[in-house]
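Below is one structure; the comments refer to it alone.
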Protein chains: 2
Amino acid sequence: MFQEFETIVDPSKGPARLAALRAAMAQTDLDGFFVPRADAHQGEYVADADKRLQWLTGFTGSAGFCIALARVAGVFIDGRYRAQVRAQVDLSAFTPVHWPETRPGPWLAEHLPEGGRIGFDPWLHSRSEIEKIEEDLKGSAITLVPVDNLVDALWDDRPAAPQGVVRVQPIEFAGQSHGEKRAALAETLRKAGEKAAVLTLSDSIAWLLNIRGDDIPHIPVVQGFALLHDDGRVDFYTHPARPVGIGEHFGPEVSLYPEAVFEDALVALEGPVRVDKASAPFAVSAILDVAGTPVSWGQDPCVMPKACKNATELAGARAAHLRDGVALVEFLTWFDATARRGGITEIDLVVELESQRRSTNALRDISFETIAGAGPNGAIMHYRVTRETNRTLKRGELVVLDSGGQYDDGTTDITRTLPVGKVGAEERAAFTRVLQGMIAISRARFPKGLAGRDLDALARYPLWLAGQDFNHGTGHGVGSYLSVHEGPQRISRISEVALEPGMILSNEPGYYRDGAFGIRIENLIAVRAEPVPEGGDSEREMYGFETLTFVPIDTRLVLVDRLSTDERDWLNAYHAQVLEKLAPRVSSAAREWLVAACAPI
Amino acid sequence: MFQEFETIVDPSKGPARLAALRAAMAQTDLDGFFVPRADAHQGEYVADADKRLQWLTGFTGSAGFCIALARVAGVFIDGRYRAQVRAQVDLSAFTPVHWPETRPGPWLAEHLPEGGRIGFDPWLHSRSEIEKIEEDLKGSAITLVPVDNLVDALWDDRPAAPQGVVRVQPIEFAGQSHGEKRAALAETLRKAGEKAAVLTLSDSIAWLLNIRGDDIPHIPVVQGFALLHDDGRVDFYTHPARPVGIGEHFGPEVSLYPEAVFEDALVALEGPVRVDKASAPFAVSAILDVAGTPVSWGQDPCVMPKACKNATELAGARAAHLRDGVALVEFLTWFDATARRGGITEIDLVVELESQRRSTNALRDISFETIAGAGPNGAIMHYRVTRETNRTLKRGELVVLDSGGQYDDGTTDITRTLPVGKVGAEERAAFTRVLQGMIAISRARFPKGLAGRDLDALARYPLWLAGQDFNHGTGHGVGSYLSVHEGPQRISRISEVALEPGMILSNEPGYYRDGAFGIRIENLIAVRAEPVPEGGDSEREMYGFETLTFVPIDTRLVLVDRLSTDERDWLNAYHAQVLEKLAPRVSSAAREWLVAACAPI
């Protein structure tokens, strides 16, 4: 299993480690020290060697940080982790702080009215992050001081840094050689008058060099740093012990170096050097500053071309989604035959679904930990089932099942909401509204230049009319056998990035009633240029979405007479496509189930 | 008539005046001089004394500016005025420049590669405007120099500045005394640590002091400047010759001064002084800077409370709209009886409509020049009929009729699209899509905190699906017996201002096919808090819109089977309300027409 169901609850070691950290702070004349969950690559998951926050506090959540002061140690956690943190940390030593409602700057100012020196590891925080805190500290006598990591010095049995294999992402899936990518980006640098760019995001480097690895769960990257020069050469700094058995893949223009010499390489650069303020470690620009090398703030140059998938990557995404769809349909066939029998738990669903995905013989990993929330657990948006929370499905309940797979040719992410037997009218009404919003995005045509923010209302309007809404974005970007949460594209009130052809996004409106039930329906979609229909404005460049996910949406939950003709037509056409694409690929039992599930309404 | 149909085309005087201006430039050592259409109050319309651009060039459009250099004089005009400018200016002396595609900075840099001194009147440009041009001029040797206005010195027969009566806007329409308003704003200033605010927008001053006037066509303001002190006192600087016969209205806390002493008053202020960078003349902050008085950049403090109408103003708006609706219905009755007879022109429509509005005996002015565009003229979004363009209505054509009235209790703005006999299927299909978008906004519910940008897509989605769109915002703010185009609220891709209860907006999607036809449907709506419906989320604060305009929408143009049940229900409910509200108020002939026009579909 890629997924585990244990909860690590061991608050016992925290107090002693905190005491040791405080002693180290005192020795280095610090009044406080930051221990973030993030690593130097600001990814969603971190390697065991980077679980400093967990080592110190016991807290295992996917976001947050601790600020240790002499008399108080705040563990900053967002709304998802309010309960979890209280179970995982020793509350006599650590104080949970509601973040981002309370920001670190004001919290520091409150606890250190006389001022003080707060240490941070400059490799674990971006420049933007530090500048925001410093902005909040204006007027106080508190200063942030980059220092060597005090936790690393104390952590005796710290696991080794990742040093796994490096695999080639072949051209049949990448669609473009790393030479072509490097040449195009070098041109971008030359046009901007920049001599080099520093790459610190692992998925950027994996995309650029057409490599994948297993350093981190669920995201197939190889950790390291890279320098892209304006002549297209790339220097890649990574763990020296790796078995990089990828033959001639890199060629003469890509050089491998041990990570330990990365700092020296930065110092030796000629400027201006492009650095991404939002993602590169503070240390990168600090080293350049000390060396007197001009820094040019700008977005990581890989971000936009990585987001806009090429034709090969899109073809791969289609293939991956059909393969993943087969696993889902086999699972749903099993679910419908089994769930109402009773005794089935959320963990059973996760195990069965991962087993079906493994049966494809192509699954590299799950793309994130499956969310299987039954009844009231479905209302917890980022629910992850553990042995403690595991719920037995009950008749009349809904199950939110959000999951995805990593395949060589693409990353999937799909949510379906499943009824255990017959469910109530209120749930069906809400399901129908969520479906209407999801169809509105699926059918959308829109002028070139619009951002996700400009479309977000379309997914929510049917819920709004009923006085309902959901507290998450409508969609996030998705990588190509890379991160299932990929920027910069989003369908969200906070996204001002114009949507471009080739961008893959999720389309996942939902509805959640605390303590009662949850609903979410999610397909992946890709932005594409649309021809102007007969009678349309010939001068307008219009975009729309290609649907990538093909798995039935449960029509037993739809109040059919609430749908407009267009909405019903869309759903029936979608199911006709699902049937056509998947029927030849599934088992005979699943085919029978599929025919019924895809019947027109 | 408030509206005129003559076109002033007299390019003959431009060359001599330009020559005189160039001589004045040479005498004052200037290489160029800005002549904007705007006055010191940055309003939509200007007094005759401020028509400097027209005096110099002959161009009468409502936006634009001239930059006179020694060898070239560019007349910067936007898309609306491409043709008009060529008819009104002497093309041997003046060069039309497509703006904003060409910005003044790059144009100056191109024509003055060696650099130069460009004069501008610091009372006619905002700080933001000058800063934007200077940003564009970085790297050139061109400087912008504030100088006395060269045109004013040459303009011998310049009309006198406005000096009309000042009228009280009574509490029965304003809903709040100027004392209460001043006290509330003074509190805002004190909280911000500001000693005073400079008010330069005429509608802000009219709102704050509960006064109206006739200085400018279509906007009932009194021109002047004002200083609001942090104790609630206001000093109002205006033309000294005005007959200010408003008795005790101002009271002891509002003092009147001649405009000539405004500069001295600025110099005498204690800081910090709030100045609105986007609207206050450059001169205001320049004078404060020279005096060493700290400037606090911030929005004109009247803007937000003026935008959010109080209960009295909303009641006034409702009354004004019913009155205006009666005029429209009488007009439409006449139109349906007359238009198909033939021989009716666009000007006839404007005359008849203004006559019907005058028959209410309450019309203070039209709120803008009526747009009556038949056939292809309907596709010209800002069309204003003149004797030259006046078109005779033809059977089978659509007419776009966009108009409004100024009444003591409110400002109206309504567009209806009228068929001359039977029109084609393509026009009806587009009309239906426009109507669907307009209904989507009318029915909308949305969470508190959203801006117009977040809703704009709802009005366009039905058109987008057909590969169509319209090139203007969906809605603009509207004043309360003030400007028909009022900020900051808008329903537009460029509006990030959160919508607040009491804001009045237009809801006016359209569709335009060049050279063929135009369609626009416009109601005014007011933002209001909506109760959470049964089954909705009790914790969500949801807003929606109250419709203010009640005039039939032509159902003969609707393809009924394209509407969803909800859309048809909305239209039928709307027409039932129109009938109920207007039937008791119109003539018997109009009542008969109204019953038919409001019949359910």
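Ligands are numbered from 1 in the order shown, chains are lettered A, B, ... in the order of the structure tokens, and residues start at 1 in each chain.
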>> as a count of residues only, could you give me every residue of chain B near chain A (at most 10 Å apart, counting only C-alpha atoms)?
In response: 52
>> Quick one: residues within 6 Å of region 415-421 of chain B, only C-alpha atoms, excluding same-chain residues fewer than 2 positions away - as a ChimeraX atom specification?
In response: /B:340,395-402,519,521-522
Please identify which residues in region 218-346 of chain B DSSP calls strand (DSSP E) from the backbone, and express them as an mmCIF file with C-alpha atoms, in the first residue's frame.
data_model
loop_
_atom_site.group_PDB
_atom_site.id
_atom_site.type_symbol
_atom_site.label_atom_id
_atom_site.label_comp_id
_atom_site.auth_asym_id
_atom_site.auth_seq_id
_atom_site.Cartn_x
_atom_site.Cartn_y
_atom_site.Cartn_z
ATOM 1 C CA GLY B 224 -15.835 74.090 -6.531
ATOM 2 C CA PHE B 225 -13.327 72.675 -4.084
ATOM 3 C CA ALA B 226 -13.798 71.842 -0.430
ATOM 4 C CA LEU B 227 -11.731 71.170 2.646
ATOM 5 C CA LEU B 228 -13.109 68.795 5.234
ATOM 6 C CA HIS B 229 -11.520 69.259 8.669
ATOM 7 C CA VAL B 234 -16.158 72.195 5.776
ATOM 8 C CA ASP B 235 -14.807 75.148 3.811
ATOM 9 C CA PHE B 236 -16.358 75.349 0.358
ATOM 10 C CA TYR B 237 -14.556 77.313 -2.330
ATOM 11 C CA THR B 238 -16.693 78.253 -5.342
ATOM 12 C CA VAL B 254 -19.835 75.140 6.616
ATOM 13 C CA SER B 255 -18.126 78.276 5.356
ATOM 14 C CA LEU B 256 -18.261 79.689 1.843
ATOM 15 C CA TYR B 257 -15.202 81.222 0.229
ATOM 16 C CA PRO B 258 -14.353 82.497 -3.242
ATOM 17 C CA VAL B 273 -3.932 66.009 4.645
ATOM 18 C CA ARG B 274 -5.745 63.282 2.765
ATOM 19 C CA VAL B 275 -5.522 63.700 -1.013
ATOM 20 C CA VAL B 295 0.169 64.404 2.323
ATOM 21 C CA SER B 296 -1.685 61.189 3.142
ATOM 22 C CA TRP B 297 -2.696 59.460 -0.089
#
>> Applying 8 Å and only C-alpha atoms, which residues near Ala372 (chain A) remain after dropping the ones on its own chain fewer than 2 positions away? List them as a VMD selection string.
In response: chain A and resid 346 to 347 349 to 350 370 374 378 383 to 385 399 to 402
>> Could you check the closest approach to Gly316 (chain A) for each of A:Pro170, A:Asp514, A:Asn149, A:Pro162 and tell me which residue wins, using only C-alpha atoms?
In response: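 Of the candidates, the smallest distance to Gly316 (chain A) is held by A:Pro170.
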>> Could you tell me how far CA of Leu353 (chain A) sits from CA of Leu594 (chain A), in Å to one decimal place?
In response: 16.8 Å
